[in-house]
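Single-structure report; data block below.
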There are 2 protein chains.
Amino acid sequence: MFRTTTLALAVAGLAACSPQTASDASANITKSQQDGSGFDKTLKEARIKLDAAMSAPLTVPVPKDPGGGYTHETHKANFSLMYDAGQLYELTGDKKYADFAGQAMLDYADVYPSWGLHPAKKEQSPGRMFWQNLNESMFLLHVAQSYDAVKEALTDAQREKIETDLLRNMADFLSVGAPETFDKVHNHGTWATAAVGLTGYAIGDDNYVEQALLGLDKSGEAGFLKQMDVLFSPDGYYNEGPYYQRFALKPFVIFAQAVQKNNPERKIFEKRDGILKKATYSLIQQNYGGLFFPINDAIKDKGIRTNELLHGVAIAYELTGDKGLLSIAQEQDTFVLTPESRKLSQDLAAGKATPFEYRSMRLLDGQRGEDGALDILRASDDPNDQVVVMKHTSQGLGHGHFDKLGMLYYDNGSEIIRDYGAARFLNIEAKYGGHYLAENDLYAKQTIAHNTLVVDETSHFSGVTETGNKFAPELGQFVTTPDLQLSSARTSDAYSGVELSRKTAIITDAAFSRPIIIDVVTADSETTHKYDLPFHYNGQLIDTNFEISADSQSRSPLGKKNGYEYIWKTGQAVPVNGLSQLTFLLDQRFYTLSTATPDNTQVLLAETGASDPNFNLRREPALILRADNARDARFVTVIESHGEYNPTLEFTVNSHSSVASVSHQQETGYERIEILSISGKQVTLLLAETTEEFETKDASGRTIKWRGPAHLIKSE
Amino acid sequence: MFRTTTLALAVAGLAACSPQTASDASANITKSQQDGSGFDKTLKEARIKLDAAMSAPLTVPVPKDPGGGYTHETHKANFSLMYDAGQLYELTGDKKYADFAGQAMLDYADVYPSWGLHPAKKEQSPGRMFWQNLNESMFLLHVAQSYDAVKEALTDAQREKIETDLLRNMADFLSVGAPETFDKVHNHGTWATAAVGLTGYAIGDDNYVEQALLGLDKSGEAGFLKQMDVLFSPDGYYNEGPYYQRFALKPFVIFAQAVQKNNPERKIFEKRDGILKKATYSLIQQNYGGLFFPINDAIKDKGIRTNELLHGVAIAYELTGDKGLLSIAQEQDTFVLTPESRKLSQDLAAGKATPFEYRSMRLLDGQRGEDGALDILRASDDPNDQVVVMKHTSQGLGHGHFDKLGMLYYDNGSEIIRDYGAARFLNIEAKYGGHYLAENDLYAKQTIAHNTLVVDETSHFSGVTETGNKFAPELGQFVTTPDLQLSSARTSDAYSGVELSRKTAIITDAAFSRPIIIDVVTADSETTHKYDLPFHYNGQLIDTNFEISADSQSRSPLGKKNGYEYIWKTGQAVPVNGLSQLTFLLDQRFYTLSTATPDNTQVLLAETGASDPNFNLRREPALILRADNARDARFVTVIESHGEYNPTLEFTVNSHSSVASVSHQQETGYERIEILSISGKQVTLLLAETTEEFETKDASGRTIKWRGPAHLIKSE
């Protein structure tokens with residue numbers, strides 16, 4: 001198992017994407033500049049890297065290895081070098097970079113035509129240089145840009161050879177040679193069409209451009225424009241979620257930029273009300289602490305510093321001049337070798353940044369915005385403040401997880417109620433070659449791995465993606481008023497014969513030191529079921545209002561299938577007077593979950609890591625509220641962020657919850673949630689399905705009139 | 001269990017110690033200034049706080065509550081206010097602060113004489129205002145300084161009343177009234193003598209000063225000077241470890257500063273070769289990533305930002321002018337209300353900081369430096385580079401842990417092989433009132449909770465502090481040459497009939513990308529034993545060279561007593577060809593432990609958290625190497641820090657260990673450790689007990705001569 005693979009070339013190739021430097025001093029000094037970062041540093045580092053690479057002849061190995069292997073990584077490093085050389089020539093005018101890039105392309109042109117399909121080819125969409133043609137598209141996307149930059153410095157004979165034996169040969173292979181990818185409305189198709197289209201612009205062949213934009217038959221039924229129409233929702237949400245949206249974004253913005261430059265009359269960035277700008281903005285909105293919301297298959301370390309979004313932000317800034325994007329660039333603290341990125345760095349150094357406008361929003365899912373939505377509720381525009389993310393989206397295809405109505409909750413810069421993300425160690429050979437682990441399907445995708453209701457220990461749609469793909473939740477009201485924000489949705493599709501509903505609000509009231517979350521999860525059925533509501537909390541358990549019977553001398557898995565087998569049961573308890581309270585501590589702040597539970601609810605304490613002989617899972621705790629043998633179930637949870645634990649100054653304040661009781665009543669046409677604080681203050685949240693007017697009595701018996709879908713009766 | 005305690009006053013009182021601001025712009029802008037921090041901010045915040053406090057009369061409640069309770073926290077907040085008012089008067093000259101402080105003292109003088117012993121008094125050393133007189137000393141230490149600052153602004157009558165009814169009354173209570181604390185050579189005695197001595201200076205009564213310095217009978221057998229002689233080793237190491245050293249430091253430096261000012265002829269800071277400066281420097285050296293090495297009972301969040309070290313660094317800078325201390329102040333990023341702290345902030349803002357000189361060092365323990373040592377090996381002067389800490393110290397009294405020859409290993413800003421520290425949630429009421437938990441004695445202090453050899457599942461000295469107090473390890477050689485550093489020690493006292501020895505080196509060789517640790521642990525006995533060597537590693541298990549038989553369907557505690565009952569067994573395995581290799585990942589870096597194990601060694605994988613019904617323990621993994629039924633045992637471990645996992649740029653390099661084999665041979669008079677790398681390079685470390693000359697053959701058969709205690713034969 002212990003073997004050393006040298007990926008030094010790959011790293012060299014990628015180093016150009018690393019942190020960098022600002023050019024000059026200014027009154028408004030930013031952190032990036034202090035560190036000597038900024039675009040100038042990017043440029044300097046790229047020159048150093050290229051100068052080193054140019055001292056030795058390029059190695060162009062005969063294709064042999066699959067992803068991660070030597071020939072794979074070498075060709076990846078090579079296209080990165082060629083791309084950087086082209087950009088450096090354009091940015092500096094130094095001809096040695098053009099000569100290097102040209103010679104590298106000639107070296108490839110010498111051998112590429114003779115390469116048949118890759119010996120380790122993937123069955124679907126095989127490549128010639130790489131095992132899959134997705135990588136070949138990436139190669140061409142970068143090399144076509146480089147060629148466009150350096151061709152003026154090459155001789156006619158060199159151009160002829162490169163165009164014929166490398167660029168056209170590869171573009172043909174990726175277009176007419178692979179129609180099943182090229183004409184597919186899917187992100188692999190975006191990479192292919194973008195690469196071929198960029199080649200068309202670079203060599204002046206409109207046929208490639210037309211095919212790229214409109215599909216092989218130029219009907220517009222396939223191709224890049226069609227993908228722009230279909231792959232994003234009208235709000236710029238990408239059906240698989242932000243992790244894959246990031247990946248898809250790069251070919252979209254890079255090729256669109258070329259279209260804008262070469263065919264401005266197409267007004268490509270205005271299409272669909274500026275869908276590519278919307279896609280970039282929506283991706284930024286889907287981050288917390290610099291990392292993307294890890295819904296569906298997502299490596300949790302990915303965020304706004306990824307190369308794709310470095311390009312995306314630079315291009316969006318070029319298009320919009322929105323100075324809020326400079327704040328994002330500041331957080332990225334990394335630049336790429338493009339004039340747009342240089343401009344970003346310069347304007348940032350000049351102190352032009354304004355805060356990025358983070359806000360609560362409902363991002364509709366589906367081509368026509370009819371397939372659910374991702375709801376983001378932010379307690380304020382401070383990116384480190386409390387945020388609730390409700391996954392009321394459609395399935396998200398093969399990378400989708402089975403978590404309809406799922407919740408994520410962030411505060412103080414961290415995940416607090418969290419999603420496991422993907423079970424995968426990207427590129428780590430010892431962990432199943434860096435691929436998705438078996439635990440991804442078996443645990444991470446299952447409903448119990450998320451913060452949403454599980455019925456009868458079975459995942460939504462019985463864990464069948466094809467079924468999931470057919471349905472999206474029915475959206476309820478979405479409200480964003482100053483002291484009351486609300487996300488709501490329901491679904492009858494996740495389980496046969498059970499309707500699930502969730503309404504989640506952030507409210508502000510003087511009874512609580514910070515805004516609180518009120519989360520109402522309901523299940524309705526005509527038959528009895530076992531209902532499990534998990535909260536995968538992040539932190540050290542501090543206190544509970546119930547007596548725990550702990551599994552402290554032996555542990556067993558919580559169940560046998562559907563992900564339950566990966567969870568240890570660590571304890572159980574009974575709620576006190578129908579209220580379950582659990583307080584935990586993370587990063588010197590306390591959190592309490594106070595849930596009004598259905599009758600006969602059992603509290604389970606749990607921890608991931610059972611049935612895990614290869615130690616593939618992280619160990620994370622969970623609180624699971626279980627209502628067994630019930631027709632209907634209603635869990636009303638208040639989430640509080642409170643107090644401070646300060647070991648440096650040796651004080652602790654407000655380590656206890658301020659919630660004394662939580663109650664729920666179903667009234668005619670609406671429901672009433674009452675929260676009584678320890679100090680005797682009462683907050684009432686009224687929730688209706690409609691926007692009609694209701695009359696109700698407040699805590700002091702006064703009749704008040706209000707309109708649905710929601711009304712907050714404050715404590716004072 | 002859910003109850004809200006309002007500690008707002010306490011927080012207000014402590015807020016003066018929070019982050020702050022620099023005064024002016026300069027070419028060399030530091031982070032502190034950008035954030036608007038520095039001394040000016042401290043001053044501004046203190047004024048805001050005081051101005052608010054001065055708008056209402058001071059509350060002086062009759063003593064009632066124990067630590068954490070209302071009256072306790074109020075008196076704490078009050079002395080903090082009085083201290084700040086005094087400092088503000090001195091720094092700003094604004095008489096309103098003197099008036100406020102004077103009135104507050106008069107308010108206390110009104111009532112203090114009438115207070116008998118505290119109703120919730122601790123049995124040992126009870127107080128009157130507080131439950132223990134330690135807090136009363138803290139009160140007087142702060143109020144005496146305030147009085148010294150404001151007395152010039154008071155009337156004769158006011159001075160008379162304050163001196164008689166508050167200062168003398170309390171000083172008498174703490175000195176002649178509590179000889180068992182005042183004359184005890186212990187940190188509580190330091191607080192008492194410092195408080196009484198400061199009172200003497202403030203009111204101009206030399207008798208208090210003499211008693212403080214020399215003990216009640218002024219013989220010098222007790223008192224502050226005696227404490228300076230006894231409580232620190234000649235190297236400035238404090239016997240209980242850095243967590244308690246921090247606590248003890250404040251009265252030492254505050255009172256010594258007053259002695260220096262009032263009795264410069266005493267040259268107090270020159271005593272014992274500058275022991276108080278040494279104590280401050282040694283405390284700084286005992287941090288990693290800003291946090292103290294958590295040996296013995298230690299809350300792991302405590303570090304160089306604590307109030308005690310803010311004063312310590314400011315005073316040390318005043319004394320030495322060492323610009324390296326400015327780097328520490330920069331990391332502290334917090335200032336206190338003293339002229340010394342202001343100077344620190346100004347010089348930092350003026351760009352005078354140089355790097356603090358972190359270096360490898362042996363800090364001898366014991367009054368005469370004869371009771372072992374804390375060895376610190378640093379791979380470089382970069383504070384975030386690899387550091388090995390070897391605990392070859394004495395027991396450390398009641399807060400000591402049973403971990404002779406224990407190891408800590410740091411890299412990349414984090415703990416990698418770690419110590420559990422104390423089992424305690426400081427000031428968190430729900431966790432046993434914030435006191436040390438039962439698990440502190442039962443788990444955290446036990447040997448198995450540390451990274452050192454356990455014999456027969458029993459802790460060192462059978463877990464008896466009194467026995468531990470009698471012995472210290474016998475120190476071996478300590479070497480700090482550029483490519484080879486060595487710490488060594490042995491003990492025959494931890495277990496009857498078993499001699500334990502440990503030699504730990506950091507070496508640099510081209511066969512490895514970074515310096516590696518070579519750790520040789522041996523046990524020798526005439527009878528057979530079970531030897532367990534735990535490594536409490538921090539990170540996600542990535543790979544092993546052995547097949548794990550995992551406890552994936554049920555788990556049981558590893559043992560029944562001596563801390564073993566708090567550890568789950570999670571798997572077991574057999575080393576491959578006598579080599580056990582385990583790779584884990586933390587913060588995008590890989591670490592591999594490669595151990596040449598004794599015959600018949602069993603590998604155990606473990607995790608803390610068994611027998612923990614109150615969920616008091618953190619969940620942390622461990623690797624335990626067990627050689628059972630053996631007379632002697634020798635574990636030779638190579639610790640590598642290697643590679644990089646970069647999910648943002650999507651590459652992973654050197655995720656595999658570079659160690660192919662590790663061998664150990666006992667030669668006549670010395671031992672030979674050979675490490676063969678994957679690329680076929682051999683590194684040989686020769687270790688002798690003496691400094692005599694030896695002859696040996698290198699890998700190519702050439703005879704070389706070398707001298708003990710250590711010699712490195714490099715791979716090239």
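Identifiers in this document derive from the order of the structure tokens: chains are assigned A, B, ..., residues are numbered from 1 separately in each chain, and ligands are numbered from 1 in order of occurrence.
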Show me which bits of chain A are within 6 Å of chain B, counting only C-alpha atoms, as a list in words. Phe2, Arg3, Thr4, Leu7, Lys302, Thr306, Asn427, Ala430, Asp543, Ala550, Ser552, Gln553, Ser554, Arg555, Ser556, Ala610, Ser611, Asp612, Pro613, Thr648, Thr652, Val653 and His656 of chain A
Output as an MDAnalysis selection string all residues of region 452-556 of chain B that backbone DSSP marks as strand (DSSP E or B). chainID B and resid 454:455 458 474:481 484:495 498:507 516:525 529:535 537 540:544 549:550 555:556
Any chance you could list, as number ranges by chain, the residues in region 295-390 of chain B that come up helix (DSSP H, G or I) when DSSP is run on the backbone? B: 307-320, 324-332, 339-349
Give me, as a PDB file with C-alpha atoms, in the first residue's frame, all polymer residues having an atom no more than 8 Å from region 129-141 of chain A, counting only C-alpha atoms and skipping those fewer than 3 positions away in the same chain.
ATOM      1  CA  VAL A  62       2.783   8.144 -25.143  1.00  0.00           C
ATOM      2  CA  PRO A  63      -0.602   7.844 -23.369  1.00  0.00           C
ATOM      3  CA  ASP A  65      -1.892   5.788 -17.400  1.00  0.00           C
ATOM      4  CA  PRO A  66      -5.402   6.494 -16.118  1.00  0.00           C
ATOM      5  CA  GLY A  67      -6.247   9.546 -13.992  1.00  0.00           C
ATOM      6  CA  HIS A  72      -2.087  11.681 -17.332  1.00  0.00           C
ATOM      7  CA  HIS A  75      -0.183  16.001 -20.157  1.00  0.00           C
ATOM      8  CA  LYS A  76      -2.188  17.982 -17.599  1.00  0.00           C
ATOM      9  CA  PHE A  79      -1.377  22.125 -21.107  1.00  0.00           C
ATOM     10  CA  TYR A 112      -1.078  13.336 -31.661  1.00  0.00           C
ATOM     11  CA  TRP A 115      -2.573   8.170 -31.097  1.00  0.00           C
ATOM     12  CA  LEU A 117      -7.926   5.492 -28.225  1.00  0.00           C
ATOM     13  CA  HIS A 118      -6.277   5.549 -24.805  1.00  0.00           C
ATOM     14  CA  PRO A 119      -5.156   2.099 -23.569  1.00  0.00           C
ATOM     15  CA  ALA A 120      -6.832   2.685 -20.200  1.00  0.00           C
ATOM     16  CA  LYS A 121      -9.866   4.323 -21.783  1.00  0.00           C
ATOM     17  CA  LYS A 122     -13.095   4.678 -19.867  1.00  0.00           C
ATOM     18  CA  GLN A 124     -18.061   6.053 -21.772  1.00  0.00           C
ATOM     19  CA  SER A 125     -16.517   8.912 -23.760  1.00  0.00           C
ATOM     20  CA  PRO A 126     -12.960   7.629 -24.105  1.00  0.00           C
ATOM     21  CA  ALA A 144      -6.566  26.857 -28.070  1.00  0.00           C
ATOM     22  CA  GLN A 145      -6.358  29.966 -25.889  1.00  0.00           C
ATOM     23  CA  LEU A 167      -5.928  21.638 -33.073  1.00  0.00           C
ATOM     24  CA  MET A 170      -8.349  17.160 -31.634  1.00  0.00           C
ATOM     25  CA  ALA A 171     -11.336  19.412 -32.282  1.00  0.00           C
ATOM     26  CA  LEU A 174     -14.094  15.986 -29.708  1.00  0.00           C
ATOM     27  CA  HIS A 188     -18.966  17.447 -20.188  1.00  0.00           C
ATOM     28  CA  TRP A 191     -16.254  21.573 -21.838  1.00  0.00           C
ATOM     29  CA  ALA A 192     -16.242  19.977 -25.318  1.00  0.00           C
ATOM     30  CA  ALA A 194     -16.165  25.472 -25.342  1.00  0.00           C
ATOM     31  CA  ALA A 195     -12.890  23.818 -26.354  1.00  0.00           C
ATOM     32  CA  VAL A 196     -13.960  23.353 -29.951  1.00  0.00           C
ATOM     33  CA  LEU A 198     -12.268  28.439 -28.782  1.00  0.00           C
ATOM     34  CA  THR A 199     -10.337  26.455 -31.387  1.00  0.00           C
ATOM     35  CA  PRO A 251     -15.908  26.627 -19.714  1.00  0.00           C
TER      36      PRO A 251
END
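Counting from CA of Val636 (chain A), the distance to CA of Thr527 (chain A) is 21.6 Å.
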Interatomic distance between CA of Gly223 (chain A) and CA of Thr193 (chain A)? 6.4 Å
Show me, as a PDB file with C-alpha atoms, in the first residue's frame, the residues that have an atom within 9 Å of Asn239 (chain B) when counting only C-alpha atoms, minus same-chain residues fewer than 5 positions from it.
ATOM      1  CA  LEU B 231       9.432  28.012  42.672  1.00  0.00           C
ATOM      2  CA  PHE B 232      11.405  28.302  39.452  1.00  0.00           C
ATOM      3  CA  SER B 233      14.245  26.159  38.261  1.00  0.00           C
ATOM      4  CA  TYR B 244       0.300  27.063  36.037  1.00  0.00           C
ATOM      5  CA  GLN B 245       3.502  29.002  35.315  1.00  0.00           C
ATOM      6  CA  ASP B 365      13.416  21.326  36.369  1.00  0.00           C
ATOM      7  CA  GLY B 366      13.774  21.636  40.126  1.00  0.00           C
ATOM      8  CA  GLN B 367      14.984  24.342  42.442  1.00  0.00           C
ATOM      9  CA  THR B 393      10.418  16.652  34.207  1.00  0.00           C
ATOM     10  CA  SER B 394       9.495  15.836  37.776  1.00  0.00           C
ATOM     11  CA  GLN B 395       5.910  15.083  38.713  1.00  0.00           C
ATOM     12  CA  GLY B 396       4.599  18.641  38.998  1.00  0.00           C
ATOM     13  CA  LEU B 397       2.783  18.146  42.323  1.00  0.00           C
ATOM     14  CA  GLY B 400       1.036  16.621  37.567  1.00  0.00           C
TER      15      GLY B 400
END
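Note that CA of Gln330 (chain A) and CA of Lys343 (chain A) are 12.9 Å apart.
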With only C-alpha atoms as the counted atoms, please give the residues lying no more than 6 Å from region 404-421 of chain B, apart from itself and same-chain residues fewer than 5 positions off, as a ChimeraX atom specification. /B:289,294,297-298,384-392,450-452,536-538
Go ahead and dump the residues you just picked, all heavy atoms, as a compact mmCIF listing (two decimals), in the first residue's frame.
# COMPACT_ATOMS: atom_id res chain seq x y z
N GLY B 289 1.85 27.64 18.22
CA GLY B 289 0.63 28.19 17.65
C GLY B 289 -0.07 29.12 18.63
O GLY B 289 -1.29 29.28 18.57
N PRO B 294 0.42 21.63 26.53
CA PRO B 294 -0.59 21.28 27.55
C PRO B 294 -0.19 20.13 28.45
O PRO B 294 -0.95 19.20 28.67
CB PRO B 294 -1.80 20.92 26.70
CG PRO B 294 -1.19 20.31 25.46
CD PRO B 294 0.12 21.04 25.24
N ASP B 297 -2.12 19.22 34.25
CA ASP B 297 -3.48 19.77 34.17
C ASP B 297 -3.41 21.10 33.43
O ASP B 297 -2.85 22.07 33.94
CB ASP B 297 -4.03 20.02 35.59
CG ASP B 297 -4.52 18.74 36.25
OD1 ASP B 297 -4.69 17.73 35.54
OD2 ASP B 297 -4.75 18.77 37.47
N ALA B 298 -3.98 21.13 32.25
CA ALA B 298 -3.90 22.34 31.44
C ALA B 298 -5.13 22.46 30.57
O ALA B 298 -5.52 21.52 29.89
CB ALA B 298 -2.65 22.30 30.55
N ASN B 384 6.14 27.74 13.41
CA ASN B 384 5.17 26.76 12.90
C ASN B 384 5.81 25.50 12.35
O ASN B 384 5.13 24.65 11.78
CB ASN B 384 4.29 27.39 11.83
CG ASN B 384 3.23 28.27 12.44
OD1 ASN B 384 2.67 27.95 13.48
ND2 ASN B 384 2.97 29.41 11.81
N ASP B 385 7.12 25.39 12.47
CA ASP B 385 7.82 24.20 11.99
C ASP B 385 7.65 23.05 12.99
O ASP B 385 7.02 23.22 14.03
CB ASP B 385 9.31 24.56 11.79
CG ASP B 385 10.00 23.62 10.81
OD1 ASP B 385 9.42 22.56 10.48
OD2 ASP B 385 11.12 23.95 10.39
N GLN B 386 8.24 21.90 12.68
CA GLN B 386 8.13 20.75 13.56
C GLN B 386 8.78 21.01 14.92
O GLN B 386 9.88 21.55 14.99
CB GLN B 386 8.80 19.53 12.93
CG GLN B 386 8.16 19.08 11.62
CD GLN B 386 8.84 17.84 11.05
OE1 GLN B 386 8.56 16.74 11.47
NE2 GLN B 386 9.75 18.04 10.11
N VAL B 387 8.08 20.59 15.97
CA VAL B 387 8.59 20.72 17.32
C VAL B 387 8.30 19.43 18.07
O VAL B 387 7.21 18.87 17.96
CB VAL B 387 7.92 21.91 18.08
CG1 VAL B 387 8.33 21.92 19.54
CG2 VAL B 387 8.27 23.23 17.42
N VAL B 388 9.30 18.96 18.81
CA VAL B 388 9.12 17.81 19.68
C VAL B 388 9.34 18.29 21.11
O VAL B 388 10.31 18.98 21.39
CB VAL B 388 10.12 16.69 19.35
CG1 VAL B 388 10.02 15.57 20.38
CG2 VAL B 388 9.87 16.15 17.96
N VAL B 389 8.41 17.94 21.99
CA VAL B 389 8.54 18.29 23.40
C VAL B 389 8.63 16.99 24.19
O VAL B 389 7.77 16.11 24.06
CB VAL B 389 7.31 19.09 23.88
CG1 VAL B 389 7.43 19.42 25.37
CG2 VAL B 389 7.14 20.36 23.06
N MET B 390 9.69 16.84 24.96
CA MET B 390 9.86 15.62 25.76
C MET B 390 9.70 15.97 27.24
O MET B 390 10.41 16.82 27.77
CB MET B 390 11.26 15.02 25.52
CG MET B 390 11.54 14.69 24.06
SD MET B 390 10.31 13.57 23.28
CE MET B 390 10.34 12.17 24.41
N LYS B 391 8.78 15.27 27.88
CA LYS B 391 8.51 15.59 29.28
C LYS B 391 9.37 14.72 30.21
O LYS B 391 8.91 13.71 30.74
CB LYS B 391 7.03 15.38 29.58
CG LYS B 391 6.63 16.02 30.90
CD LYS B 391 5.18 15.75 31.24
CE LYS B 391 4.81 16.30 32.60
NZ LYS B 391 3.91 15.39 33.32
N HIS B 392 10.59 15.18 30.40
CA HIS B 392 11.51 14.48 31.30
C HIS B 392 11.57 15.21 32.63
O HIS B 392 12.60 15.24 33.27
CB HIS B 392 12.90 14.40 30.64
CG HIS B 392 12.90 13.66 29.33
ND1 HIS B 392 12.14 12.53 29.12
CD2 HIS B 392 13.57 13.89 28.16
CE1 HIS B 392 12.34 12.09 27.87
NE2 HIS B 392 13.19 12.90 27.27
N HIS B 450 -1.36 9.51 27.59
CA HIS B 450 -0.19 10.24 27.09
C HIS B 450 0.59 9.41 26.07
O HIS B 450 0.26 8.27 25.83
CB HIS B 450 0.70 10.63 28.28
CG HIS B 450 -0.01 11.47 29.29
ND1 HIS B 450 -0.80 10.91 30.28
CD2 HIS B 450 -0.12 12.81 29.44
CE1 HIS B 450 -1.34 11.88 31.01
NE2 HIS B 450 -0.95 13.05 30.51
N ASN B 451 1.61 10.00 25.54
CA ASN B 451 2.42 9.33 24.53
C ASN B 451 3.70 8.81 25.15
O ASN B 451 4.80 9.32 24.90
CB ASN B 451 2.71 10.29 23.38
CG ASN B 451 1.43 10.88 22.82
OD1 ASN B 451 0.62 10.17 22.23
ND2 ASN B 451 1.23 12.18 23.03
N THR B 452 3.53 7.83 26.03
CA THR B 452 4.70 7.23 26.67
C THR B 452 4.35 5.81 27.09
O THR B 452 3.18 5.42 27.08
CB THR B 452 5.16 8.07 27.87
OG1 THR B 452 6.43 7.57 28.31
CG2 THR B 452 4.15 8.05 29.01
N HIS B 536 -1.18 9.23 20.49
CA HIS B 536 -2.49 9.89 20.34
C HIS B 536 -2.38 10.86 19.17
O HIS B 536 -1.98 12.00 19.33
CB HIS B 536 -2.87 10.61 21.63
CG HIS B 536 -3.10 9.67 22.77
ND1 HIS B 536 -4.33 9.16 23.06
CD2 HIS B 536 -2.23 9.11 23.65
CE1 HIS B 536 -4.23 8.33 24.10
NE2 HIS B 536 -2.96 8.29 24.47
N TYR B 537 -2.70 10.34 17.99
CA TYR B 537 -2.50 11.16 16.78
C TYR B 537 -3.73 12.00 16.49
O TYR B 537 -4.85 11.66 16.88
CB TYR B 537 -2.12 10.28 15.59
CG TYR B 537 -3.19 9.33 15.11
CD1 TYR B 537 -4.10 9.72 14.12
CD2 TYR B 537 -3.30 8.04 15.64
CE1 TYR B 537 -5.08 8.86 13.67
CE2 TYR B 537 -4.28 7.17 15.19
CZ TYR B 537 -5.18 7.59 14.21
OH TYR B 537 -6.16 6.73 13.76
N ASN B 538 -3.51 13.06 15.77
CA ASN B 538 -4.58 14.02 15.46
C ASN B 538 -4.81 14.04 13.95
O ASN B 538 -4.00 14.59 13.21
CB ASN B 538 -4.14 15.41 15.96
CG ASN B 538 -5.19 16.47 15.73
OD1 ASN B 538 -6.34 16.17 15.40
ND2 ASN B 538 -4.81 17.72 15.92
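Of the listed residues A:Arg424, A:Lys714, A:Arg626, A:Lys705, the one whose atoms come nearest to Thr684 (chain A) is A:Lys714, with distances taken using only C-alpha atoms.
Summary of the local environment: counting only C-alpha atoms, residues at most 12 Å from Gly680 (chain A), other than itself and those fewer than 2 positions away along its chain, are Ala510, Ala511, Phe512, Ser658, Val659, Ala660, Ser661, Glu674, Ile675, Leu676, Ser677, Ile678, Gln682, Val683, Ala699, Ser715 and Glu716 of chain A.
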